[in-house]
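Down below is the structure, laid out as structure tokens.
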Amino acid sequence: MVRLIASLVGAAFVLVLGIALFGSVYGAITDPVAPTAESEYHLHPKELDLASNGVFGKFDRRQLQRGFQVYKEVCAACHSLRLVAFRDLQKIGYSEPEVKAIANQWAIEQPSINPETGEPATRKNIPSDHFPLPFANDVAARAANNNALPPDLSLMTKARHDGGAYIHSLLTGYQSQSAKMLKEFPDIKTPEGLHYNPYFANLNIAMPPPLTSDGQVGYADGTKATKEQMSTDVAAFLTWTAEPNLEARHAAGFASIIFILIFCGLAWGAYQNVWRDVKH
């Protein structure tokens, strides 16, 4: 009797699931979801060929330094790098004196306390300091950016799908809305204070175009600073800030694979030696 009741309950459960599935499929076919401007016009990031791509990837130190220069002169006024310390710049080719000079000359100083009065104060940065926040708090950041909160860029390429390619496409993707899109979606006109960018999730971004013209940054190594070059370089730099140990991780992976191959060879040889006189 118990088995019969359990079977009936199970059959009823399966029947309810089947009805629900049929209703969902039928509804999707007869009344499909209306297309949205985001689904129709949001673009996938363009391919970006960086030296760090792939399993054999390594960072191009000159490119990372150029990318840091773009961050310093263009991005640092609004976006923080709170997980990166000044001394980490030695890993991308800067010498210790250069790092000290960069820290000391950084436009934003470190918040501190005046030991004599106990009141808030600031001090010059030193290499062990992390990059200071450009705003005192989120309220100040929103007030200066049309109520939008500029995100921290330390891990941005890990937080966004396609990482560096997304950064590059976003920086070079600002454009005017097409007449076709406005005709198809008349209510999607970019609001005042926002900017149309098809690589941004909802197509409208609060950040104005940060790279506005070629030569906006004067590269120390003489590289021609086109918008394409600057966006590629800063994407490479932010790839490094998010994964500074990428090269060590690749090296450890290759060492592990070589060790496993050698171990398998030794194990196979031992197996053959132990069982060589045994007939199968």
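Within each chain, counting starts at residue 1; across the structure tokens, chains are named A, B, ... in the order shown, with ligands numbered 1 upward in that order.
Excluding region 116-127 of chain A and any residue on its chain fewer than 5 positions from it, the residues at most 9 Å away by only C-alpha atoms are Ala85, Phe86, Arg87, Asp88, Glu96, Val99, Lys100, Ala101, Ile102, Ala103, Asn104, Gln105, Trp106, Ile108, Glu109, Gln110, Pro111 and Pro132 of chain A.
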All heavy atoms of the current selection, written as a compact mmCIF listing (two decimals), in the first residue's frame:
```
# COMPACT_ATOMS: atom_id res chain seq x y z
N ALA A 85 50.58 48.33 -4.88
CA ALA A 85 51.50 49.21 -4.16
C ALA A 85 52.49 49.82 -5.15
O ALA A 85 52.78 49.24 -6.20
CB ALA A 85 52.24 48.44 -3.08
N PHE A 86 53.03 50.97 -4.79
CA PHE A 86 54.00 51.62 -5.67
C PHE A 86 55.20 50.72 -5.93
O PHE A 86 55.71 50.66 -7.05
CB PHE A 86 54.46 52.95 -5.06
CG PHE A 86 53.45 54.06 -5.15
CD1 PHE A 86 52.65 54.38 -4.05
CD2 PHE A 86 53.27 54.77 -6.32
CE1 PHE A 86 51.72 55.40 -4.13
CE2 PHE A 86 52.33 55.79 -6.41
CZ PHE A 86 51.54 56.10 -5.31
N ARG A 87 55.64 50.00 -4.91
CA ARG A 87 56.83 49.16 -5.09
C ARG A 87 56.59 48.01 -6.07
O ARG A 87 57.55 47.44 -6.61
CB ARG A 87 57.28 48.61 -3.74
CG ARG A 87 56.27 47.71 -3.05
CD ARG A 87 56.73 47.33 -1.66
NE ARG A 87 55.71 46.60 -0.91
CZ ARG A 87 55.77 46.37 0.40
NH1 ARG A 87 56.81 46.81 1.08
NH2 ARG A 87 54.82 45.70 1.02
N ASP A 88 55.32 47.68 -6.32
CA ASP A 88 55.03 46.64 -7.31
C ASP A 88 55.46 47.05 -8.71
O ASP A 88 55.64 46.19 -9.58
CB ASP A 88 53.53 46.33 -7.32
CG ASP A 88 53.04 45.67 -6.03
OD1 ASP A 88 53.86 45.00 -5.37
OD2 ASP A 88 51.86 45.83 -5.68
N GLU A 96 64.35 51.04 -8.42
CA GLU A 96 63.94 51.49 -7.08
C GLU A 96 63.91 53.01 -6.98
O GLU A 96 62.95 53.57 -6.44
CB GLU A 96 64.88 50.89 -6.03
CG GLU A 96 64.46 51.19 -4.60
CD GLU A 96 65.32 50.49 -3.57
OE1 GLU A 96 66.09 49.59 -3.96
OE2 GLU A 96 65.24 50.85 -2.37
N VAL A 99 60.80 54.25 -8.73
CA VAL A 99 59.58 53.99 -7.96
C VAL A 99 59.45 55.02 -6.83
O VAL A 99 58.35 55.54 -6.58
CB VAL A 99 59.59 52.56 -7.39
CG1 VAL A 99 58.46 52.37 -6.39
CG2 VAL A 99 59.48 51.54 -8.52
N LYS A 100 60.55 55.33 -6.17
CA LYS A 100 60.51 56.33 -5.09
C LYS A 100 60.06 57.68 -5.65
O LYS A 100 59.26 58.39 -5.02
CB LYS A 100 61.89 56.46 -4.44
CG LYS A 100 62.27 55.27 -3.57
CD LYS A 100 63.64 55.49 -2.92
CE LYS A 100 64.00 54.31 -2.01
NZ LYS A 100 65.34 54.50 -1.39
N ALA A 101 60.57 58.03 -6.82
CA ALA A 101 60.20 59.31 -7.43
C ALA A 101 58.72 59.33 -7.83
O ALA A 101 58.01 60.31 -7.62
CB ALA A 101 61.08 59.58 -8.64
N ILE A 102 58.24 58.22 -8.40
CA ILE A 102 56.83 58.14 -8.79
C ILE A 102 55.93 58.29 -7.57
O ILE A 102 54.94 59.03 -7.59
CB ILE A 102 56.55 56.80 -9.51
CG1 ILE A 102 57.25 56.76 -10.87
CG2 ILE A 102 55.05 56.58 -9.68
CD1 ILE A 102 57.20 55.41 -11.55
N ALA A 103 56.29 57.60 -6.50
CA ALA A 103 55.47 57.67 -5.28
C ALA A 103 55.49 59.08 -4.70
O ALA A 103 54.45 59.63 -4.32
CB ALA A 103 55.99 56.66 -4.26
N ASN A 104 56.66 59.66 -4.63
CA ASN A 104 56.80 60.98 -4.02
C ASN A 104 56.09 62.07 -4.82
O ASN A 104 55.53 63.02 -4.25
CB ASN A 104 58.28 61.33 -3.89
CG ASN A 104 58.51 62.66 -3.20
OD1 ASN A 104 58.71 63.70 -3.83
ND2 ASN A 104 58.48 62.64 -1.88
N GLN A 105 56.06 61.92 -6.15
CA GLN A 105 55.47 62.95 -7.01
C GLN A 105 54.00 62.68 -7.36
O GLN A 105 53.40 63.44 -8.10
CB GLN A 105 56.30 63.05 -8.30
CG GLN A 105 57.73 63.50 -8.08
CD GLN A 105 58.61 63.32 -9.30
OE1 GLN A 105 58.11 63.06 -10.40
NE2 GLN A 105 59.92 63.44 -9.13
N TRP A 106 53.43 61.60 -6.83
CA TRP A 106 52.04 61.27 -7.14
C TRP A 106 51.12 62.41 -6.70
O TRP A 106 51.28 62.97 -5.62
CB TRP A 106 51.63 59.97 -6.46
CG TRP A 106 50.42 59.34 -7.07
CD1 TRP A 106 49.16 59.32 -6.56
CD2 TRP A 106 50.36 58.63 -8.30
NE1 TRP A 106 48.31 58.64 -7.39
CE2 TRP A 106 49.02 58.20 -8.48
CE3 TRP A 106 51.30 58.30 -9.28
CZ2 TRP A 106 48.61 57.48 -9.60
CZ3 TRP A 106 50.88 57.57 -10.39
CH2 TRP A 106 49.56 57.17 -10.54
N ILE A 108 48.07 62.63 -5.69
CA ILE A 108 47.24 62.44 -4.49
C ILE A 108 48.11 61.88 -3.37
O ILE A 108 48.81 60.89 -3.57
CB ILE A 108 46.07 61.50 -4.79
CG1 ILE A 108 45.25 62.03 -5.95
CG2 ILE A 108 45.19 61.31 -3.55
CD1 ILE A 108 44.22 61.05 -6.47
N GLU A 109 48.07 62.52 -2.22
CA GLU A 109 48.89 62.08 -1.09
C GLU A 109 48.12 61.10 -0.21
O GLU A 109 46.90 60.95 -0.32
CB GLU A 109 49.33 63.30 -0.27
CG GLU A 109 50.23 64.26 -1.06
CD GLU A 109 50.78 65.38 -0.18
OE1 GLU A 109 50.22 65.62 0.91
OE2 GLU A 109 51.78 66.01 -0.59
N GLN A 110 48.87 60.43 0.66
CA GLN A 110 48.27 59.45 1.56
C GLN A 110 47.58 60.14 2.73
O GLN A 110 48.12 61.07 3.32
CB GLN A 110 49.36 58.52 2.12
CG GLN A 110 49.90 57.51 1.13
CD GLN A 110 48.91 56.40 0.83
OE1 GLN A 110 48.07 56.06 1.66
NE2 GLN A 110 49.03 55.83 -0.37
N PRO A 111 46.37 59.70 3.08
CA PRO A 111 45.73 60.26 4.27
C PRO A 111 46.50 59.86 5.52
O PRO A 111 47.01 58.75 5.62
CB PRO A 111 44.33 59.62 4.23
CG PRO A 111 44.49 58.38 3.41
CD PRO A 111 45.55 58.68 2.40
N PRO A 132 46.90 55.72 -3.57
CA PRO A 132 45.84 56.36 -2.78
C PRO A 132 44.55 56.50 -3.58
O PRO A 132 44.57 56.60 -4.82
CB PRO A 132 46.43 57.73 -2.44
CG PRO A 132 47.40 58.00 -3.55
CD PRO A 132 47.98 56.66 -3.92
```
I need the residue nearest Thr239 (chain A) from this list: A:Leu81, A:Ala144, A:Leu64, A:Ala206. Use only C-alpha atoms for the distance.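 Checking each candidate against Thr239 (chain A), we get A:Leu64 as the closest.
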**In region 39-158 of chain A, DSSP alpha helix (DSSP H) residues written as a PyMOL selection string** = chain A and resi 39-41+61-70+96-105+138-144+156-158
Kindly export the residues of the current selection with N, CA and C atoms, as a short mmCIF file (atom, residue, chain, number, x, y, z; two decimals), in the first residue's frame.
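Once everything was written out, this is selection00.cif:
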```cif
data_model
loop_
_atom_site.label_atom_id
_atom_site.label_comp_id
_atom_site.auth_asym_id
_atom_site.auth_seq_id
_atom_site.Cartn_x
_atom_site.Cartn_y
_atom_site.Cartn_z
N SER A 39 19.94 43.57 -26.15
CA SER A 39 20.19 42.26 -26.75
C SER A 39 20.53 42.37 -28.24
N GLU A 40 20.03 43.41 -28.89
CA GLU A 40 20.24 43.55 -30.33
C GLU A 40 21.54 44.27 -30.68
N TYR A 41 21.94 45.22 -29.85
CA TYR A 41 23.04 46.11 -30.23
C TYR A 41 24.26 46.05 -29.31
N ARG A 61 57.29 44.35 -20.87
CA ARG A 61 57.54 45.38 -19.85
C ARG A 61 57.42 46.79 -20.41
N ARG A 62 57.86 47.01 -21.61
CA ARG A 62 57.74 48.36 -22.20
C ARG A 62 56.28 48.74 -22.38
N GLN A 63 55.48 47.77 -22.81
CA GLN A 63 54.06 48.05 -22.97
C GLN A 63 53.40 48.31 -21.62
N LEU A 64 53.79 47.55 -20.60
CA LEU A 64 53.21 47.76 -19.27
C LEU A 64 53.55 49.16 -18.74
N GLN A 65 54.77 49.62 -19.00
CA GLN A 65 55.14 50.96 -18.56
C GLN A 65 54.35 52.03 -19.31
N ARG A 66 54.12 51.81 -20.60
CA ARG A 66 53.30 52.75 -21.35
C ARG A 66 51.86 52.74 -20.81
N GLY A 67 51.36 51.54 -20.50
CA GLY A 67 50.02 51.44 -19.95
C GLY A 67 49.91 52.13 -18.60
N PHE A 68 50.94 52.00 -17.77
CA PHE A 68 50.93 52.71 -16.49
C PHE A 68 50.92 54.21 -16.71
N GLN A 69 51.64 54.67 -17.72
CA GLN A 69 51.65 56.10 -18.02
C GLN A 69 50.26 56.59 -18.42
N VAL A 70 49.54 55.77 -19.19
CA VAL A 70 48.17 56.13 -19.57
C VAL A 70 47.29 56.17 -18.32
N GLU A 96 64.35 51.04 -8.42
CA GLU A 96 63.94 51.49 -7.08
C GLU A 96 63.91 53.01 -6.98
N PRO A 97 64.94 53.73 -7.48
CA PRO A 97 64.86 55.20 -7.43
C PRO A 97 63.68 55.75 -8.23
N GLU A 98 63.37 55.12 -9.38
CA GLU A 98 62.24 55.58 -10.18
C GLU A 98 60.93 55.38 -9.42
N VAL A 99 60.80 54.25 -8.73
CA VAL A 99 59.58 53.99 -7.96
C VAL A 99 59.45 55.02 -6.83
N LYS A 100 60.55 55.33 -6.17
CA LYS A 100 60.51 56.33 -5.09
C LYS A 100 60.06 57.68 -5.65
N ALA A 101 60.57 58.03 -6.82
CA ALA A 101 60.20 59.31 -7.43
C ALA A 101 58.72 59.33 -7.83
N ILE A 102 58.24 58.22 -8.40
CA ILE A 102 56.83 58.14 -8.79
C ILE A 102 55.93 58.29 -7.57
N ALA A 103 56.29 57.60 -6.50
CA ALA A 103 55.47 57.67 -5.28
C ALA A 103 55.49 59.08 -4.70
N ASN A 104 56.66 59.66 -4.63
CA ASN A 104 56.80 60.98 -4.02
C ASN A 104 56.09 62.07 -4.82
N GLN A 105 56.06 61.92 -6.15
CA GLN A 105 55.47 62.95 -7.01
C GLN A 105 54.00 62.68 -7.36
N ASP A 138 32.90 57.32 -1.11
CA ASP A 138 32.01 57.08 -2.25
C ASP A 138 31.10 58.27 -2.52
N VAL A 139 30.70 58.98 -1.47
CA VAL A 139 29.83 60.14 -1.66
C VAL A 139 30.54 61.21 -2.48
N ALA A 140 31.81 61.46 -2.15
CA ALA A 140 32.58 62.45 -2.90
C ALA A 140 32.81 61.99 -4.33
N ALA A 141 33.03 60.68 -4.50
CA ALA A 141 33.25 60.14 -5.85
C ALA A 141 32.00 60.31 -6.71
N ARG A 142 30.84 60.02 -6.14
CA ARG A 142 29.59 60.18 -6.90
C ARG A 142 29.31 61.64 -7.21
N ALA A 143 29.60 62.51 -6.25
CA ALA A 143 29.33 63.94 -6.45
C ALA A 143 30.16 64.50 -7.60
N ALA A 144 31.35 63.94 -7.80
CA ALA A 144 32.23 64.45 -8.86
C ALA A 144 32.01 63.76 -10.20
N MET A 156 39.92 44.68 -12.57
CA MET A 156 38.89 44.88 -13.57
C MET A 156 38.95 43.85 -14.70
N THR A 157 40.14 43.48 -15.14
CA THR A 157 40.21 42.53 -16.26
C THR A 157 39.83 41.12 -15.84
N LYS A 158 39.82 40.83 -14.53
CA LYS A 158 39.32 39.54 -14.05
C LYS A 158 37.83 39.61 -13.77
#
```
Between A:His168, A:His195, A:Lys224, A:Lys189, smallest distance to Asp49 (chain A) by only C-alpha atoms belongs to A:His168
Where does DSSP see strand (DSSP E) in region 96-244 of chain A, if you list the residues as a PyMOL selection string? chain A and resi 110-113+120-123+195-196+204-205
Subject >> Residue neighbourhood region 50-52 of chain A, 12 Å, only C-alpha atoms, exclusion window fewer than 3 positions, as a count of residues only >> reply: 32
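Relative to CA of Pro208 (chain A), CA of Asn146 (chain A) is found at 10.6 Å.
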Q.
I'd like the interatomic distance between CA of His161 (chain A) and CA of Ala37 (chain A), to a tenth of an Å.
A.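 Those two atoms sit 20.2 Å apart.
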Here CA of Pro210 (chain A) and CA of Ser95 (chain A) stand apart by 28.8 Å
